[in-house]
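Asks: Below is coords.tsv; it holds TSV, C-alpha atoms.
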```
chain	number	residue	atom	x	y	z
A	1	MET	CA	25.38	102.57	156.37
A	2	SER	CA	28.92	101.93	155.10
A	3	ALA	CA	31.28	103.85	152.91
A	4	PRO	CA	32.17	102.66	149.40
A	5	ALA	CA	35.14	100.31	149.49
A	6	HIS	CA	38.57	101.90	149.11
A	7	ARG	CA	37.17	105.42	149.03
A	8	ARG	CA	37.54	108.18	151.55
A	9	PRO	CA	34.34	108.49	153.62
A	10	THR	CA	32.01	111.32	152.69
A	11	ALA	CA	30.91	114.02	155.09
A	12	ALA	CA	27.51	112.33	155.44
A	13	HIS	CA	29.12	108.96	156.22
A	14	LEU	CA	31.37	110.49	158.85
A	15	ARG	CA	28.63	112.44	160.60
A	16	ALA	CA	26.35	109.42	160.69
A	17	ALA	CA	29.08	107.15	162.00
A	18	VAL	CA	30.09	109.55	164.78
A	19	GLU	CA	26.43	110.15	165.65
A	20	ARG	CA	25.97	106.41	166.20
A	21	ARG	CA	28.78	106.53	168.72
A	22	TYR	CA	27.45	109.59	170.53
A	23	PRO	CA	25.44	107.68	173.20
A	24	ALA	CA	28.58	105.73	174.16
A	25	PHE	CA	30.55	109.00	174.25
A	26	LEU	CA	28.04	110.54	176.65
A	27	ALA	CA	27.92	107.46	178.89
A	28	ASP	CA	31.71	107.29	179.06
A	29	LEU	CA	31.92	111.01	179.77
A	30	GLU	CA	29.71	110.52	182.81
A	31	LEU	CA	31.87	107.62	183.99
A	32	MET	CA	35.18	109.46	183.52
A	33	THR	CA	34.11	112.75	185.09
A	34	GLY	CA	32.75	110.72	187.99
A	35	VAL	CA	36.31	109.77	188.98
A	36	ASP	CA	38.66	112.23	190.67
A	37	SER	CA	41.90	112.30	188.71
A	38	GLY	CA	43.94	115.23	189.96
A	39	SER	CA	47.53	115.13	188.76
A	40	TYR	CA	48.79	113.89	192.14
A	41	ASP	CA	46.01	111.32	192.55
A	42	SER	CA	47.79	108.37	190.97
A	43	GLU	CA	44.98	105.98	191.87
A	44	GLY	CA	42.31	108.14	190.24
A	45	VAL	CA	44.45	108.81	187.18
A	46	GLY	CA	44.98	105.06	186.94
A	47	ALA	CA	41.23	104.42	187.07
A	48	VAL	CA	40.56	106.89	184.24
A	49	GLY	CA	43.47	105.36	182.33
A	50	ALA	CA	41.96	101.91	182.75
A	51	MET	CA	38.69	103.16	181.20
A	52	ALA	CA	40.58	104.68	178.29
A	53	ALA	CA	42.62	101.50	177.81
A	54	GLU	CA	39.45	99.38	177.74
A	55	ARG	CA	37.85	101.58	175.07
A	56	LEU	CA	40.99	101.59	172.92
A	57	ARG	CA	41.45	97.83	173.18
A	58	GLY	CA	37.85	97.55	172.04
A	59	LEU	CA	38.94	99.37	168.88
A	60	GLY	CA	41.76	96.92	168.23
A	61	PHE	CA	44.60	98.92	169.76
A	62	THR	CA	47.42	97.29	171.65
A	63	VAL	CA	47.79	99.25	174.87
A	64	ARG	CA	50.64	99.44	177.35
A	65	SER	CA	51.01	101.38	180.58
A	66	VAL	CA	54.21	103.37	180.90
A	67	PRO	CA	55.39	104.48	184.37
A	68	VAL	CA	56.58	108.09	184.32
A	69	GLY	CA	58.03	108.28	187.82
A	70	SER	CA	57.43	111.04	190.32
A	71	ALA	CA	56.79	114.77	190.30
A	72	PRO	CA	59.67	117.09	191.24
A	73	ASP	CA	58.40	117.17	194.83
A	74	GLY	CA	58.58	113.37	195.05
A	75	ARG	CA	54.88	112.59	194.78
A	76	ARG	CA	54.11	109.53	192.67
A	77	LEU	CA	52.45	110.09	189.30
A	78	GLY	CA	50.05	107.80	187.50
A	79	ASP	CA	51.08	105.84	184.43
A	80	ALA	CA	50.86	107.08	180.86
A	81	LEU	CA	49.10	105.00	178.20
A	82	VAL	CA	50.52	104.31	174.76
A	83	ALA	CA	48.06	102.66	172.37
A	84	ARG	CA	48.92	101.58	168.83
A	85	ARG	CA	46.84	100.39	165.89
A	86	ALA	CA	48.14	99.68	162.42
A	87	GLY	CA	46.08	100.77	159.42
A	88	ARG	CA	45.74	99.43	155.90
A	89	ALA	CA	47.04	102.34	153.82
A	90	PRO	CA	50.13	101.28	151.84
A	91	GLY	CA	52.89	103.67	152.78
A	92	GLY	CA	50.51	105.43	155.16
A	93	ARG	CA	51.56	107.98	157.75
A	94	ARG	CA	52.02	107.57	161.48
A	95	LEU	CA	49.76	109.93	163.42
A	96	LEU	CA	50.24	110.79	167.09
A	97	LEU	CA	47.04	111.65	168.97
A	98	MET	CA	47.50	113.26	172.39
A	99	ALA	CA	45.13	113.62	175.33
A	100	HIS	CA	45.58	113.70	179.10
A	101	LEU	CA	44.02	111.79	181.99
A	102	ASP	CA	44.56	114.28	184.81
A	103	THR	CA	42.59	117.30	185.98
A	104	VAL	CA	43.30	120.22	188.32
A	105	TYR	CA	40.58	119.31	190.81
A	106	GLU	CA	40.96	118.14	194.40
A	107	ALA	CA	39.68	114.83	195.73
A	108	GLY	CA	35.95	114.93	196.37
A	109	THR	CA	35.15	117.22	193.44
A	110	ALA	CA	33.65	114.44	191.31
A	111	ALA	CA	31.17	113.52	194.05
A	112	ALA	CA	30.35	117.16	194.77
A	113	ARG	CA	29.84	118.10	191.11
A	114	PRO	CA	28.78	115.02	189.12
A	115	LEU	CA	28.12	115.41	185.42
A	116	ARG	CA	24.94	117.31	184.66
A	117	THR	CA	23.44	118.50	181.42
A	118	GLU	CA	21.41	121.62	180.90
A	119	ASP	CA	20.15	123.04	177.60
A	120	GLY	CA	22.60	120.99	175.55
A	121	THR	CA	25.61	121.79	177.72
A	122	ALA	CA	27.42	119.33	179.99
A	123	TYR	CA	29.04	120.50	183.23
A	124	GLY	CA	31.53	118.60	185.36
A	125	PRO	CA	35.17	118.34	186.42
A	126	GLY	CA	37.36	117.62	183.40
A	127	VAL	CA	34.38	117.57	181.05
A	128	CYS	CA	36.29	119.53	178.43
A	129	ASP	CA	39.83	119.48	179.83
A	130	ASP	CA	40.47	116.83	178.75
A	131	LYS	CA	38.10	113.91	179.21
A	132	GLY	CA	35.79	115.17	176.47
A	133	GLY	CA	38.73	115.50	174.09
A	134	LEU	CA	40.06	112.03	174.89
A	135	LEU	CA	36.66	110.44	174.33
A	136	LEU	CA	36.13	112.35	171.09
A	137	GLY	CA	39.33	110.74	169.82
A	138	VAL	CA	37.87	107.33	170.68
A	139	ALA	CA	34.59	108.18	168.93
A	140	ALA	CA	36.28	109.51	165.77
A	141	ILE	CA	38.55	106.49	165.40
A	142	GLY	CA	35.66	104.16	166.12
A	143	ALA	CA	33.61	105.87	163.40
A	144	LEU	CA	36.40	105.35	160.86
A	145	LEU	CA	36.69	101.69	161.78
A	146	ASP	CA	32.92	101.29	161.49
A	147	LEU	CA	33.24	102.61	157.94
A	148	GLY	CA	36.17	100.34	157.08
A	149	ALA	CA	38.29	103.45	156.53
A	150	GLU	CA	41.62	102.52	158.09
A	151	ASP	CA	43.47	105.14	156.05
A	152	TRP	CA	46.74	105.36	157.95
A	153	GLY	CA	50.01	103.59	158.50
A	154	GLU	CA	49.72	103.60	162.29
A	155	LEU	CA	47.76	105.49	164.90
A	156	VAL	CA	49.52	106.12	168.19
A	157	PHE	CA	47.22	107.34	170.96
A	158	LEU	CA	49.08	108.84	173.92
A	159	CYS	CA	47.32	109.60	177.22
A	160	THR	CA	49.50	111.44	179.73
A	161	PRO	CA	48.91	111.53	183.53
A	162	ASP	CA	50.53	114.85	184.42
A	163	GLU	CA	49.75	117.48	181.77
A	164	GLU	CA	48.13	119.83	184.26
A	165	ILE	CA	51.39	120.18	186.19
A	166	GLY	CA	53.57	120.64	183.11
A	167	SER	CA	54.17	116.96	182.22
A	168	PRO	CA	57.34	116.58	184.31
A	169	GLY	CA	57.22	112.79	184.07
A	170	SER	CA	55.69	112.19	180.65
A	171	ARG	CA	57.55	114.82	178.63
A	172	PRO	CA	60.36	112.46	177.49
A	173	LEU	CA	57.75	109.92	176.36
A	174	THR	CA	55.83	112.55	174.38
A	175	GLU	CA	59.02	113.74	172.72
A	176	ALA	CA	60.14	110.21	171.86
A	177	LEU	CA	56.79	109.34	170.24
A	178	ALA	CA	56.72	112.67	168.40
A	179	LYS	CA	60.09	111.93	166.80
A	180	GLU	CA	58.60	108.76	165.30
A	181	ALA	CA	55.45	110.41	163.93
A	182	ASP	CA	54.55	112.29	160.76
A	183	PHE	CA	51.82	114.50	162.25
A	184	GLY	CA	50.53	115.31	165.73
A	185	LEU	CA	46.90	115.90	166.69
A	186	CYS	CA	46.23	117.24	170.18
A	187	LEU	CA	42.76	116.63	171.59
A	188	GLU	CA	42.47	119.59	173.91
A	189	CYS	CA	39.06	121.16	173.39
A	190	ALA	CA	38.46	123.82	170.76
A	191	ARG	CA	38.27	127.48	171.77
A	192	GLU	CA	34.86	128.69	172.90
A	193	ASN	CA	34.15	130.04	169.40
A	194	GLY	CA	35.15	126.75	167.76
A	195	ASP	CA	38.65	127.77	166.68
A	196	LEU	CA	41.47	125.28	166.35
A	197	VAL	CA	44.78	126.08	168.01
A	198	THR	CA	47.72	126.60	165.66
A	199	ALA	CA	50.15	128.27	168.07
A	200	ARG	CA	50.92	128.09	171.79
A	201	LYS	CA	53.48	130.15	173.63
A	202	GLY	CA	56.52	128.52	175.14
A	203	VAL	CA	57.45	129.09	178.77
A	204	VAL	CA	60.55	129.22	180.92
A	205	ASP	CA	60.73	130.01	184.62
A	206	LEU	CA	63.68	131.77	186.21
A	207	ARG	CA	64.66	132.35	189.82
A	208	LEU	CA	66.62	135.52	190.53
A	209	THR	CA	68.36	135.32	193.91
A	210	VAL	CA	69.65	138.66	195.16
A	211	ARG	CA	72.34	138.42	197.82
A	212	GLY	CA	73.32	141.32	200.06
A	213	ARG	CA	74.84	141.74	203.50
A	214	ALA	CA	73.02	141.65	206.83
A	215	ALA	CA	73.49	144.30	209.50
A	216	HIS	CA	71.61	145.76	212.46
A	217	SER	CA	69.14	148.21	210.96
A	218	GLY	CA	69.33	150.62	213.87
A	219	VAL	CA	72.92	150.44	215.10
A	220	GLU	CA	74.95	150.10	211.89
A	221	PRO	CA	72.73	149.98	208.79
A	222	GLU	CA	75.60	151.39	206.69
A	223	ARG	CA	77.41	148.08	207.06
A	224	GLY	CA	74.59	146.25	205.32
A	225	ALA	CA	73.72	145.83	201.67
A	226	ASN	CA	69.95	145.65	201.25
A	227	ALA	CA	69.00	142.78	198.95
A	228	ALA	CA	65.31	143.73	199.15
A	229	LEU	CA	66.02	147.19	197.78
A	230	ALA	CA	68.12	145.76	194.96
A	231	ALA	CA	65.37	143.24	194.24
A	232	ALA	CA	62.80	146.06	194.05
A	233	HIS	CA	64.82	147.87	191.40
A	234	LEU	CA	65.39	144.62	189.55
A	235	LEU	CA	61.70	143.69	189.73
A	236	ILE	CA	60.65	146.94	188.07
A	237	ALA	CA	63.22	146.52	185.31
A	238	VAL	CA	62.38	142.87	184.64
A	239	GLN	CA	58.62	143.46	184.72
A	240	GLY	CA	59.12	146.15	182.08
A	241	LEU	CA	60.46	143.65	179.56
A	242	GLY	CA	58.18	142.08	177.00
A	243	GLY	CA	56.88	142.71	173.55
A	244	GLY	CA	59.29	142.03	170.73
A	245	PRO	CA	59.11	138.88	168.62
A	246	GLY	CA	56.42	136.42	169.58
A	247	GLY	CA	54.44	138.76	171.84
A	248	THR	CA	56.76	137.97	174.71
A	249	THR	CA	55.42	138.50	178.24
A	250	VAL	CA	57.43	138.62	181.45
A	251	ASN	CA	55.79	138.23	184.84
A	252	VAL	CA	57.37	138.50	188.29
A	253	GLY	CA	54.93	136.19	189.99
A	254	ARG	CA	56.44	135.68	193.42
A	255	VAL	CA	58.69	137.77	195.68
A	256	ARG	CA	60.38	136.80	198.94
A	257	ALA	CA	62.76	138.93	200.96
A	258	GLY	CA	64.24	139.28	204.44
A	259	SER	CA	63.63	137.68	207.81
A	260	ARG	CA	63.17	140.50	210.37
A	261	THR	CA	62.39	144.20	210.24
A	262	ASN	CA	65.41	145.10	212.37
A	263	VAL	CA	67.90	143.35	210.05
A	264	VAL	CA	69.12	144.78	206.75
A	265	CYS	CA	67.88	142.21	204.25
A	266	ASP	CA	70.64	139.92	203.04
A	267	GLU	CA	68.66	137.83	200.55
A	268	ALA	CA	65.67	138.30	198.23
A	269	VAL	CA	64.19	136.01	195.61
A	270	LEU	CA	62.18	136.86	192.49
A	271	ASP	CA	60.40	134.04	190.65
A	272	VAL	CA	59.87	135.07	187.04
A	273	GLU	CA	57.92	133.54	184.17
A	274	VAL	CA	58.70	134.28	180.51
A	275	ARG	CA	56.29	133.32	177.71
A	276	SER	CA	56.75	133.76	173.98
A	277	ALA	CA	55.31	132.40	170.77
A	278	THR	CA	58.83	131.84	169.40
A	279	ARG	CA	62.01	130.33	170.72
A	280	ASP	CA	63.84	133.48	169.64
A	281	GLY	CA	61.52	135.49	171.88
A	282	LEU	CA	62.27	133.24	174.84
A	283	TRP	CA	65.99	133.52	174.20
A	284	ASP	CA	65.93	137.31	173.84
A	285	ALA	CA	64.02	137.75	177.11
A	286	ARG	CA	66.39	135.47	179.00
A	287	ARG	CA	69.36	137.37	177.63
A	288	GLU	CA	67.86	140.69	178.74
A	289	ILE	CA	67.11	139.33	182.21
A	290	ALA	CA	70.69	138.10	182.50
A	291	ARG	CA	71.91	141.57	181.47
A	292	LEU	CA	69.74	143.26	184.09
A	293	ALA	CA	70.91	140.77	186.72
A	294	SER	CA	74.53	141.64	186.00
A	295	ARG	CA	73.97	145.27	187.03
A	296	THR	CA	74.76	146.52	190.52
A	297	TRP	CA	71.43	147.86	191.75
A	298	VAL	CA	72.65	148.43	195.30
A	299	GLU	CA	76.32	148.54	196.26
A	300	GLY	CA	77.38	145.27	197.85
A	301	THR	CA	74.63	143.13	196.28
A	302	SER	CA	74.78	140.58	193.50
A	303	VAL	CA	72.26	138.48	191.56
A	304	GLU	CA	72.31	134.80	190.65
A	305	VAL	CA	70.03	133.57	187.84
A	306	ALA	CA	68.77	129.97	187.76
A	307	GLU	CA	66.65	128.79	184.82
A	308	GLY	CA	64.07	126.05	184.88
A	309	GLU	CA	63.44	123.65	182.02
A	310	GLU	CA	62.06	125.33	178.91
A	311	CYS	CA	58.68	124.37	177.53
A	312	PRO	CA	59.06	125.04	173.79
A	313	PRO	CA	56.41	126.98	171.89
A	314	LEU	CA	54.07	125.40	169.38
A	315	GLU	CA	55.06	127.70	166.54
A	316	ARG	CA	52.93	128.28	163.46
A	317	THR	CA	55.54	127.03	161.03
A	318	PRO	CA	54.75	126.62	157.32
A	319	GLN	CA	54.05	122.92	158.00
A	320	VAL	CA	51.64	123.78	160.81
A	321	ALA	CA	49.98	126.40	158.59
A	322	ASP	CA	49.47	123.73	155.89
A	323	LEU	CA	47.99	121.42	158.51
A	324	ALA	CA	45.63	124.14	159.67
A	325	ASP	CA	44.60	124.98	156.11
A	326	LEU	CA	43.71	121.33	155.52
A	327	ALA	CA	41.68	121.15	158.72
A	328	LEU	CA	39.79	124.34	157.89
A	329	ALA	CA	39.07	123.12	154.36
A	330	LEU	CA	37.68	119.88	155.78
A	331	ALA	CA	35.65	121.85	158.32
A	332	ALA	CA	34.11	123.85	155.47
A	333	GLU	CA	33.20	120.62	153.64
A	334	LEU	CA	31.57	119.29	156.81
A	335	GLY	CA	29.77	122.54	157.63
A	336	VAL	CA	31.75	122.93	160.87
A	337	ARG	CA	32.45	126.47	162.05
A	338	ALA	CA	36.13	126.86	162.85
A	339	GLY	CA	39.00	129.28	162.60
A	340	ALA	CA	42.63	129.32	163.69
A	341	ALA	CA	43.76	130.79	167.00
A	342	ALA	CA	46.91	131.31	169.05
A	343	THR	CA	46.99	131.04	172.83
A	344	GLY	CA	49.38	131.76	175.65
A	345	GLY	CA	48.59	128.49	177.43
A	346	VAL	CA	50.71	125.38	177.05
A	347	ALA	CA	49.86	121.72	176.51
A	348	ASP	CA	51.53	118.45	175.56
A	349	ALA	CA	51.34	119.77	171.99
A	350	ASN	CA	54.22	122.10	172.90
A	351	PHE	CA	56.57	119.23	173.70
A	352	ALA	CA	55.64	117.33	170.54
A	353	ALA	CA	56.09	120.47	168.42
A	354	GLY	CA	59.45	121.13	170.07
A	355	THR	CA	60.82	118.05	168.28
A	356	GLY	CA	59.90	119.55	164.90
A	357	LEU	CA	56.67	117.59	164.46
A	358	PRO	CA	53.83	119.50	162.73
A	359	VAL	CA	51.09	119.63	165.39
A	360	LEU	CA	47.52	120.91	165.35
A	361	ASP	CA	45.67	121.43	168.62
A	362	GLY	CA	42.14	122.23	169.78
A	363	LEU	CA	40.68	119.21	168.01
A	364	GLY	CA	38.31	118.24	170.81
A	365	PRO	CA	34.71	119.39	171.19
A	366	VAL	CA	33.89	123.02	171.98
A	367	GLY	CA	34.19	123.81	175.67
A	368	GLY	CA	35.35	126.34	178.21
A	369	GLY	CA	35.57	127.34	181.84
A	370	ASP	CA	38.63	125.14	182.26
A	371	HIS	CA	39.95	124.77	185.82
A	372	SER	CA	36.80	126.27	187.32
A	373	PRO	CA	33.54	125.09	188.87
A	374	GLY	CA	31.78	126.21	185.68
A	375	GLU	CA	33.74	123.99	183.27
A	376	TRP	CA	31.44	123.13	180.37
A	377	LEU	CA	31.17	121.20	177.11
A	378	ASP	CA	28.86	122.02	174.19
A	379	LEU	CA	27.24	118.66	173.46
A	380	SER	CA	25.98	119.84	170.07
A	381	SER	CA	29.62	120.14	168.97
A	382	VAL	CA	30.51	116.50	169.63
A	383	VAL	CA	29.25	114.97	166.39
A	384	PRO	CA	30.50	117.66	163.97
A	385	ARG	CA	33.89	117.94	165.72
A	386	GLY	CA	34.18	114.17	165.79
A	387	ALA	CA	33.48	114.07	162.06
A	388	LEU	CA	36.15	116.74	161.51
A	389	LEU	CA	38.72	114.80	163.52
A	390	ALA	CA	37.89	111.61	161.66
A	391	ALA	CA	38.20	113.37	158.29
A	392	LEU	CA	41.55	114.82	159.30
A	393	ILE	CA	42.88	111.43	160.40
A	394	SER	CA	41.71	109.89	157.12
A	395	ARG	CA	43.32	112.60	154.98
A	396	LEU	CA	46.60	112.82	156.89
A	397	GLY	CA	46.94	109.07	157.11
A	398	THR	CA	47.32	108.76	153.36
A	399	GLY	CA	48.53	112.05	152.00
A	400	GLY	CA	49.57	114.68	154.50
A	401	ALA	CA	48.76	118.33	154.65
A	402	GLY	CA	50.45	119.50	151.49
```
Would you mind writing the file out in structure tokens?

Replies:
Amino acid sequence: MSAPAHRRPTAAHLRAAVERRYPAFLADLELMTGVDSGSYDSEGVGAVGAMAAERLRGLGFTVRSVPVGSAPDGRRLGDALVARRAGRAPGGRRLLLMAHLDTVYEAGTAAARPLRTEDGTAYGPGVCDDKGGLLLGVAAIGALLDLGAEDWGELVFLCTPDEEIGSPGSRPLTEALAKEADFGLCLECARENGDLVTARKGVVDLRLTVRGRAAHSGVEPERGANAALAAAHLLIAVQGLGGGPGGTTVNVGRVRAGSRTNVVCDEAVLDVEVRSATRDGLWDARREIARLASRTWVEGTSVEVAEGEECPPLERTPQVADLADLALALAAELGVRAGAAATGGVADANFAAGTGLPVLDGLGPVGGGDHSPGEWLDLSSVVPRGALLAALISRLGTGGAG
């Protein structure tokens, strides 16, 4: 079966084309989940990357490996992949597809929990996060090529090696590619109910170091300034922040204080995470934390605030809303159940969106149980979600979301 020349493929064409590629999808899913690829396992990440590169070259992509350096703790990271394929649409758009090669699982997990299927559901490490999403991208593009529907200016397929640890090495690459693109499509799996992801909260971590003055707790405690006590007051105040624009949340996730019980504590540390759906929300929370830190909670103590690098939110801008509306309209045409959802989790989509690129996420198959022994993928969703992704690529490649 082939689509009429120079016409956008119909829903029936797309479903049939993706369905023909389903056996290869399933075989590749077994191969990929059979390889440990934890974020710090550069060899395993490289092996999964080699599989992805082979499949993309088979679709006519030029593929290059891009070293991304080391994690903040010095451990070597695997390479990213950047694959490019020109289309045939005059004046067509450049689309950036994003997936990741790494998982959260320790070495030995793949052998202990190889891919298994039960009642139409696949179980295995990385089956939905994100090996299933990556391979759905391959299947959708392959289906379009099978139909002669190269309706785009250029497809850029990015596979990152470190998404599960916040993309410390690959973030600059993601941002650089996003600045060159017209639209971004992130292949993280859909929500468990089939929803696409149109918003993700941004995140920033802060370290609040409270400094006091040590003294003997029994002989002359009055000469001390208890940093632990000041930190306790500060913790309660900081933890009480939140709400406001973007559903901001503030979490004091780690506390460290003192060295001995017979010494007035001279230093305490609070590690704080702020999440918000808007950059304004992140800024407001940071400003409030700085204000609280400037107070004197215990005489003789002071607070120093150090901020980590901000992960920007994927905001539901008017452009993202248009993109979501298009995807949902195509889903309706294809008979695919989908809605639009926001989530507090982050992904590479955040970094792409932070450059101003309109990004839609959750375009992989339906799955869940991420980061757990029960991680699963609904195999019945592969063909319809692949058809939806293919339709979206075809439509965006020539016209956009407006």

Asks: I need the residue nearest Pro161 in chain A from this list: A:Gly137, A:Pro67, A:Gly142, A:Gly368. Use all atoms listed in the file for the distance.

Replies: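 For Pro161 in chain A, the nearest of the candidates is A:Pro67.
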
Asks: Using CA of Ala89 in chain A and CA of Gly148 in chain A as the two end points, give the distance in Å to one decimal.

Replies: 11.5 Å

Asks: Counting only C-alpha atoms, figure out which residue out of A:Ala277, A:Ala306, A:Val359, A:Val250 gets nearest to Lys201 in chain A.

Replies: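 That would be A:Ala277, the residue with the smallest distance to Lys201 in chain A.
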
Asks: Which is closer to Glu164 in chain A than all the others in A:Leu101, A:Leu314, A:Val203, A:Met32, using only C-alpha atoms?

Replies: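 Of A:Leu101, A:Leu314, A:Val203, A:Met32, the one nearest Glu164 in chain A, counting only C-alpha atoms, is A:Leu101.
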
Asks: Applying 9 Å and only C-alpha atoms, which residues near Tyr40 in chain A remain after dropping the ones on its own chain fewer than 4 positions away? List them as a PDB file with C-alpha atoms, in the frame of the given file.

Replies:
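Once written, out-v8.pdb looks like this:
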```
ATOM      1  CA  GLY A  44      42.310 108.140 190.240  1.00  0.00           C
ATOM      2  CA  VAL A  45      44.450 108.810 187.180  1.00  0.00           C
ATOM      3  CA  ALA A  71      56.790 114.770 190.300  1.00  0.00           C
ATOM      4  CA  ARG A  75      54.880 112.590 194.780  1.00  0.00           C
ATOM      5  CA  ARG A  76      54.110 109.530 192.670  1.00  0.00           C
ATOM      6  CA  LEU A  77      52.450 110.090 189.300  1.00  0.00           C
ATOM      7  CA  GLY A  78      50.050 107.800 187.500  1.00  0.00           C
ATOM      8  CA  ASP A 102      44.560 114.280 184.810  1.00  0.00           C
ATOM      9  CA  PRO A 161      48.910 111.530 183.530  1.00  0.00           C
ATOM     10  CA  ASP A 162      50.530 114.850 184.420  1.00  0.00           C
TER      11      ASP A 162
END
```

Asks: Mind giving me the straight-line distance from CA of Ala149 in chain A to CA of Leu377 in chain A in Å, one decimal?

Replies: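 Computed distance, CA of Ala149 in chain A to CA of Leu377 in chain A, equals 28.1 Å.
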